[in-house]
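The file coords09.cif comes next; it holds mmCIF, C-alpha atoms.
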data_coords
#
loop_
_atom_site.label_atom_id
_atom_site.label_comp_id
_atom_site.auth_asym_id
_atom_site.auth_seq_id
_atom_site.Cartn_x
_atom_site.Cartn_y
_atom_site.Cartn_z
CA MET G 1 124.54 104.53 87.01
CA VAL G 2 128.28 103.96 87.23
CA ARG G 3 131.19 105.68 85.51
CA MET G 4 134.76 104.66 86.27
CA LEU G 5 137.42 106.56 84.32
CA ASP G 6 141.02 105.33 84.40
CA VAL G 7 140.62 104.18 88.00
CA CYS G 8 143.76 102.87 89.68
CA LYS G 9 144.20 101.50 93.18
CA VAL G 10 147.40 100.69 95.02
CA TYR G 11 146.99 99.60 98.64
CA GLU G 12 149.09 101.12 101.40
CA ASN G 13 151.33 98.05 101.54
CA GLY G 14 152.23 98.64 97.90
CA THR G 15 149.97 95.95 96.43
CA PRO G 16 148.52 97.05 93.06
CA ALA G 17 144.83 96.18 92.69
CA LEU G 18 143.44 98.18 89.75
CA ALA G 19 145.38 99.46 86.76
CA GLY G 20 143.26 101.87 84.72
CA ILE G 21 139.67 100.63 84.93
CA ASN G 22 137.18 102.20 82.53
CA LEU G 23 133.66 100.97 83.19
CA ARG G 24 130.22 102.30 82.37
CA ILE G 25 126.99 100.78 83.69
CA ASP G 26 123.78 102.51 82.65
CA GLU G 27 120.50 102.65 84.53
CA GLY G 28 118.52 99.45 84.22
CA GLU G 29 121.42 97.25 83.11
CA PHE G 30 122.26 93.79 84.46
CA VAL G 31 126.01 93.23 84.46
CA PHE G 32 128.19 90.36 85.61
CA LEU G 33 131.68 91.29 86.82
CA VAL G 34 133.83 88.18 86.67
CA GLY G 35 137.41 87.19 87.37
CA SER G 36 139.61 84.92 89.41
CA SER G 37 140.57 85.49 93.03
CA ALA G 38 142.62 88.69 93.53
CA SER G 39 141.73 89.94 90.04
CA GLY G 40 140.36 93.22 91.40
CA LYS G 41 136.62 92.51 91.61
CA SER G 42 136.28 93.19 95.33
CA THR G 43 138.33 96.36 95.05
CA ILE G 44 135.89 97.71 92.47
CA VAL G 45 132.97 96.97 94.80
CA LYS G 46 134.72 98.68 97.72
CA ILE G 47 135.33 101.77 95.61
CA LEU G 48 131.75 101.91 94.32
CA THR G 49 130.39 101.67 97.88
CA SER G 50 132.95 104.22 99.10
CA GLU G 51 134.49 101.74 101.53
CA ILE G 52 137.91 102.66 100.15
CA LYS G 53 139.21 105.50 97.98
CA MET G 54 140.84 105.09 94.59
CA THR G 55 144.49 106.07 94.18
CA SER G 56 143.80 107.92 90.94
CA GLY G 57 141.13 108.30 88.30
CA ARG G 58 137.48 109.35 88.55
CA ALA G 59 134.30 107.58 89.56
CA ILE G 60 130.63 108.57 89.62
CA VAL G 61 127.94 106.43 91.23
CA ASN G 62 124.25 107.35 90.96
CA GLY G 63 125.14 110.95 90.18
CA ARG G 64 127.64 111.36 93.02
CA ASN G 65 131.27 112.14 92.27
CA LEU G 66 133.26 109.85 94.55
CA ASN G 67 136.36 112.01 94.20
CA ARG G 68 134.54 114.86 95.94
CA LEU G 69 132.42 112.83 98.33
CA LYS G 70 132.66 114.01 101.93
CA PRO G 71 132.52 111.45 104.76
CA SER G 72 129.17 112.91 105.84
CA GLU G 73 127.76 112.20 102.36
CA VAL G 74 128.72 108.51 102.27
CA PRO G 75 125.49 107.33 104.00
CA LYS G 76 123.43 109.16 101.37
CA LEU G 77 125.35 107.39 98.60
CA ARG G 78 124.86 104.01 100.23
CA ARG G 79 121.11 104.54 100.50
CA THR G 80 121.03 104.47 96.70
CA LEU G 81 122.78 101.08 96.75
CA GLY G 82 121.57 97.71 97.97
CA VAL G 83 124.44 95.33 98.71
CA VAL G 84 124.13 91.55 98.94
CA PHE G 85 127.03 89.58 100.44
CA GLN G 86 128.14 85.96 100.20
CA ASP G 87 127.73 85.35 103.94
CA PHE G 88 124.16 86.76 104.21
CA ARG G 89 124.96 88.93 107.29
CA LEU G 90 121.56 88.48 108.88
CA ILE G 91 120.82 89.28 112.52
CA GLU G 92 120.36 85.86 114.09
CA LYS G 93 118.09 86.99 116.93
CA LYS G 94 115.66 88.77 114.61
CA THR G 95 112.96 87.18 112.48
CA VAL G 96 112.86 87.45 108.72
CA TYR G 97 110.40 90.34 108.99
CA GLU G 98 112.52 92.07 111.62
CA ASN G 99 115.74 91.71 109.60
CA VAL G 100 114.18 93.43 106.60
CA ALA G 101 112.34 96.04 108.69
CA PHE G 102 115.59 96.88 110.46
CA ALA G 103 117.05 98.14 107.17
CA MET G 104 114.12 100.54 106.83
CA ARG G 105 114.32 101.75 110.43
CA ALA G 106 118.01 102.48 109.90
CA VAL G 107 117.10 105.14 107.32
CA GLY G 108 114.25 106.59 109.38
CA ALA G 109 111.27 105.10 107.55
CA ALA G 110 107.90 105.63 109.21
CA PRO G 111 106.32 102.59 110.93
CA ARG G 112 103.27 102.66 108.63
CA ILE G 113 105.55 102.58 105.57
CA ILE G 114 107.54 99.69 107.04
CA LYS G 115 104.37 97.74 107.79
CA LYS G 116 103.29 98.06 104.16
CA ARG G 117 106.64 97.71 102.38
CA VAL G 118 108.20 94.71 104.17
CA PRO G 119 105.41 92.18 103.37
CA TYR G 120 105.44 93.35 99.75
CA VAL G 121 109.18 92.78 99.40
CA LEU G 122 109.06 89.41 101.17
CA LYS G 123 106.36 88.30 98.74
CA LEU G 124 108.52 89.50 95.85
CA VAL G 125 111.38 87.23 96.95
CA GLY G 126 109.08 84.30 97.72
CA LEU G 127 109.24 84.41 101.52
CA GLU G 128 105.78 85.66 102.41
CA ASN G 129 105.25 82.51 104.53
CA LYS G 130 108.56 82.86 106.41
CA GLN G 131 108.07 86.26 108.04
CA LYS G 132 108.17 84.90 111.60
CA SER G 133 111.05 82.47 111.01
CA PHE G 134 114.56 83.05 112.33
CA PRO G 135 117.66 82.74 110.10
CA TYR G 136 118.72 79.44 111.67
CA GLU G 137 115.38 77.95 110.61
CA LEU G 138 116.02 78.75 106.93
CA SER G 139 118.01 77.07 104.19
CA GLY G 140 121.01 78.87 102.72
CA GLY G 141 118.98 79.90 99.68
CA GLU G 142 116.20 81.27 101.86
CA GLN G 143 118.70 83.23 103.96
CA GLN G 144 120.12 84.77 100.81
CA ARG G 145 116.59 85.70 99.71
CA VAL G 146 116.20 87.56 103.01
CA ALA G 147 119.47 89.34 102.26
CA VAL G 148 118.15 90.30 98.83
CA ALA G 149 114.89 91.54 100.37
CA ARG G 150 116.85 93.65 102.84
CA ALA G 151 118.93 95.07 99.98
CA ILE G 152 115.92 96.16 97.92
CA VAL G 153 113.50 97.20 100.66
CA ASN G 154 114.61 100.85 100.59
CA ASN G 155 114.12 100.93 96.80
CA PRO G 156 117.77 101.55 95.81
CA SER G 157 118.75 102.58 92.30
CA MET G 158 121.29 99.77 92.09
CA ILE G 159 121.93 96.34 93.61
CA ILE G 160 125.53 95.17 94.03
CA ALA G 161 125.67 91.43 94.73
CA ASP G 162 129.18 90.39 95.79
CA GLU G 163 129.56 86.63 95.27
CA PRO G 164 125.90 86.13 96.30
CA THR G 165 125.92 82.42 95.45
CA GLY G 166 129.30 81.50 96.92
CA ASN G 167 127.78 79.50 99.79
CA LEU G 168 124.94 77.91 97.83
CA ASP G 169 124.48 74.74 95.81
CA PRO G 170 123.93 75.02 92.02
CA LYS G 171 120.12 74.95 92.17
CA MET G 172 119.92 77.57 94.91
CA SER G 173 122.50 79.65 93.03
CA LEU G 174 120.34 79.60 89.92
CA ASP G 175 117.25 80.52 91.96
CA ILE G 176 119.01 83.57 93.42
CA MET G 177 120.19 84.68 89.99
CA VAL G 178 116.66 84.32 88.59
CA LEU G 179 115.44 86.46 91.48
CA LEU G 180 118.02 89.16 90.73
CA ASP G 181 117.00 89.04 87.08
CA LYS G 182 113.38 89.57 88.16
CA ILE G 183 114.37 92.57 90.28
CA ASN G 184 116.28 93.96 87.31
CA SER G 185 113.20 93.58 85.11
CA LEU G 186 111.37 95.87 87.55
CA GLY G 187 113.86 98.64 86.79
CA THR G 188 116.69 98.23 89.31
CA THR G 189 120.26 98.22 87.99
CA VAL G 190 122.07 95.02 89.01
CA LEU G 191 125.81 94.32 89.24
CA VAL G 192 126.69 90.74 90.17
CA VAL G 193 130.28 89.94 91.11
CA THR G 194 131.07 86.26 90.70
CA HIS G 195 133.60 83.69 89.53
CA GLU G 196 131.00 81.03 88.68
CA ARG G 197 131.32 80.58 84.93
CA GLU G 198 128.52 78.04 84.43
CA LEU G 199 126.06 80.26 86.26
CA VAL G 200 126.97 83.32 84.20
CA ASP G 201 126.73 81.34 80.97
CA SER G 202 123.15 80.39 81.89
CA PHE G 203 122.09 84.00 81.26
CA SER G 204 122.46 86.17 78.19
CA LYS G 205 123.74 89.20 80.06
CA ARG G 206 126.57 91.65 79.71
CA VAL G 207 129.77 90.18 81.14
CA VAL G 208 132.77 92.28 82.14
CA ALA G 209 135.88 90.16 82.78
CA ILE G 210 138.78 91.48 84.86
CA ASP G 211 142.26 90.04 85.34
CA ASN G 212 145.24 91.52 87.19
CA GLY G 213 143.36 94.75 87.74
CA ARG G 214 142.49 95.30 84.08
CA ILE G 215 139.31 94.74 82.07
CA ILE G 216 140.13 92.07 79.48
CA SER G 217 136.67 91.60 78.01
CA ASP G 218 133.27 93.31 77.88
CA ARG G 219 130.56 91.48 75.93
CA THR G 220 127.06 90.04 76.13
CA GLY G 221 126.35 86.34 76.40
CA GLY G 222 129.16 84.51 78.16
CA TYR G 223 132.85 83.86 77.54
CA TYR G 224 135.24 82.55 75.01
CA GLN G 225 136.95 79.37 76.11
CA ASN G 226 140.41 80.91 76.29
CA GLU G 227 139.50 83.73 78.62
CA ILE G 228 140.81 83.92 82.18
CA ILE G 229 138.16 83.74 84.86
#
Translate this file's structure into structure tokens.
Amino acid sequence: MVRMLDVCKVYENGTPALAGINLRIDEGEFVFLVGSSASGKSTIVKILTSEIKMTSGRAIVNGRNLNRLKPSEVPKLRRTLGVVFQDFRLIEKKTVYENVAFAMRAVGAAPRIIKKRVPYVLKLVGLENKQKSFPYELSGGEQQRVAVARAIVNNPSMIIADEPTGNLDPKMSLDIMVLLDKINSLGTTVLVVTHERELVDSFSKRVVAIDNGRIISDRTGGYYQNEII
């Protein structure tokens, strides 16, 4: 669950990034956040994950008020979020199984829980036969599936996918989006940040468009031709 109320962000060098963002994402929703480069998309993600603080306004993520969040509470917030990045960020010297298990060990999961949960999640993302493979042995789409598995293995309330298909070809991009849609159907809230119009228009989902730090559109089912993306 996300609530952003009149959120503004001006970076220390004076660069304005967000100018009064009002955004609500309810539990179980699937939302695309779209816009051109430097429109403010990444700034929103960084605020939601508490990587940076807003200049003004209010924000609540999964019941936590970010305005009052202490540094010691940030890890607890992030455990409710699964983040998927464009560049996969896998550990090259670890196998697929080990990469996903590592995310569980980081939060103190018991070995018996890890042994049961990791194979289940790898099957969910279609990699049950790749558990012993290393990242360099996988295609780009398979590496991103590992990243998705790692993001969901601790059963977060929400997945934030930041340009998850930026390094993939169109077919692999569609496969990853179908996978995220499947995860959403199981009850996890999904926010996908992207600039890929054709991909977004392939799904009848809610689309929030941002330009110059302001929300210019919020609708379901794609764009109008004259919108900036």
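The shortest atom-to-atom distance to Pro75 (chain G), with all atoms listed in the file taken into account, belongs to G:Ser50 out of G:Gly221, G:Ser50, G:Leu168, G:Ile60.
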Please enumerate the residues selected by the PyMOL selection byres ((chain G and resi 20) around 10) when evaluated against the supplied file, formatted as a ChimeraX atom specification.
/G:4-9,17-19,21-23,56-57,213-215
Using only C-alpha atoms, the shortest atom-to-atom distance to Lys94 (chain G) among G:Val121, G:Val178, G:Ala110, G:Val146 belongs to G:Val146
- What residues come out when you apply the PyMOL selection byres ((chain G and resi 160-164) around 6) to this file, written as a PyMOL selection string? chain G and resi 83-86+159+165-166+191-194
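Proximity ranking of G:Glu198, G:Tyr11, G:Leu186, G:Asp87 relative to Gln144 (chain G) places G:Asp87 first, based on all atoms listed in the file.
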Among G:Ile114, G:Leu122, G:Ile183, G:Ile210, Thr43 (chain G) is approached most closely, using all atoms listed in the file, by G:Ile210
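Residues with any atom within 12 Å of Asn65 (chain G), counting all atoms listed in the file and excluding same-chain neighbours fewer than 6 positions away, are G:Met1, G:Val2, G:Arg3, G:Met4, G:Leu5, G:Ile47, G:Leu48, G:Thr49, G:Ser50, G:Lys53, G:Gly57, G:Arg58, G:Ala59, G:Glu73, G:Val74, G:Leu77.
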Written file, previous selection with C-alpha atoms, as a PDB file, in the frame of the given file:
ATOM      1  CA  MET G   1     124.540 104.530  87.010  1.00  0.00           C
ATOM      2  CA  VAL G   2     128.280 103.960  87.230  1.00  0.00           C
ATOM      3  CA  ARG G   3     131.190 105.680  85.510  1.00  0.00           C
ATOM      4  CA  MET G   4     134.760 104.660  86.270  1.00  0.00           C
ATOM      5  CA  LEU G   5     137.420 106.560  84.320  1.00  0.00           C
ATOM      6  CA  ILE G  47     135.330 101.770  95.610  1.00  0.00           C
ATOM      7  CA  LEU G  48     131.750 101.910  94.320  1.00  0.00           C
ATOM      8  CA  THR G  49     130.390 101.670  97.880  1.00  0.00           C
ATOM      9  CA  SER G  50     132.950 104.220  99.100  1.00  0.00           C
ATOM     10  CA  LYS G  53     139.210 105.500  97.980  1.00  0.00           C
ATOM     11  CA  GLY G  57     141.130 108.300  88.300  1.00  0.00           C
ATOM     12  CA  ARG G  58     137.480 109.350  88.550  1.00  0.00           C
ATOM     13  CA  ALA G  59     134.300 107.580  89.560  1.00  0.00           C
ATOM     14  CA  GLU G  73     127.760 112.200 102.360  1.00  0.00           C
ATOM     15  CA  VAL G  74     128.720 108.510 102.270  1.00  0.00           C
ATOM     16  CA  LEU G  77     125.350 107.390  98.600  1.00  0.00           C
TER      17      LEU G  77
END
7 Å contact set for Asp211 (chain G), only C-alpha atoms, chain neighbours under 4 positions out, as number ranges by chain: G: 35, 39, 215-216
Leu127 (chain G): which residues within 10 Å, counting only C-alpha atoms, same-chain residues fewer than 2 positions away excluded, as a tab-separated table (two decimals) with C-alpha atoms, in the coordinates of the input?
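Final file, result-v6.tsv:
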chain	number	residue	atom	x	y	z
G	96	VAL	CA	112.86	87.45	108.72
G	97	TYR	CA	110.40	90.34	108.99
G	119	PRO	CA	105.41	92.18	103.37
G	120	TYR	CA	105.44	93.35	99.75
G	121	VAL	CA	109.18	92.78	99.40
G	122	LEU	CA	109.06	89.41	101.17
G	123	LYS	CA	106.36	88.30	98.74
G	124	LEU	CA	108.52	89.50	95.85
G	125	VAL	CA	111.38	87.23	96.95
G	129	ASN	CA	105.25	82.51	104.53
G	130	LYS	CA	108.56	82.86	106.41
G	131	GLN	CA	108.07	86.26	108.04
G	133	SER	CA	111.05	82.47	111.01
G	142	GLU	CA	116.20	81.27	101.86
G	143	GLN	CA	118.70	83.23	103.96
G	145	ARG	CA	116.59	85.70	99.71
G	146	VAL	CA	116.20	87.56	103.01
G	149	ALA	CA	114.89	91.54	100.37
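CA of Ile52 (chain G) is positioned 21.5 Å from CA of Ala209 (chain G).
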Could you work out an axis-aligned bounding box for all listed atoms of region 170-177 of chain G, with 6 Å added on each of the six sides, and give its centre and edge lengths in Å to one decimal, as lines of an AutoDock Vina configuration file?
center_x = 120.6
center_y = 79.8
center_z = 92.4
size_x = 18.7
size_y = 21.7
size_z = 17.0
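Using all atoms listed in the file, the smallest distance between any of G:Met54, G:Pro156, G:Ser36, G:Pro135 and Arg197 (chain G) comes from G:Ser36.
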In terms of only C-alpha atoms, the residue from G:Lys205, G:Arg112, G:Lys76, G:Arg117 at minimal distance from Glu29 (chain G) is G:Lys205
Quiz prompt | Resolved residues for the PyMOL selection byres ((chain G and resi 32) around 7) as an MDAnalysis selection string | solution = chainID G and resid 30:31 33:34 191:193 206:208
Selection above as a file: C-alpha atoms, as a PDB file, keeping the file's coordinate frame:
ATOM      1  CA  PHE G  30     122.260  93.790  84.460  1.00  0.00           C
ATOM      2  CA  VAL G  31     126.010  93.230  84.460  1.00  0.00           C
ATOM      3  CA  LEU G  33     131.680  91.290  86.820  1.00  0.00           C
ATOM      4  CA  VAL G  34     133.830  88.180  86.670  1.00  0.00           C
ATOM      5  CA  LEU G 191     125.810  94.320  89.240  1.00  0.00           C
ATOM      6  CA  VAL G 192     126.690  90.740  90.170  1.00  0.00           C
ATOM      7  CA  VAL G 193     130.280  89.940  91.110  1.00  0.00           C
ATOM      8  CA  ARG G 206     126.570  91.650  79.710  1.00  0.00           C
ATOM      9  CA  VAL G 207     129.770  90.180  81.140  1.00  0.00           C
ATOM     10  CA  VAL G 208     132.770  92.280  82.140  1.00  0.00           C
TER      11      VAL G 208
END
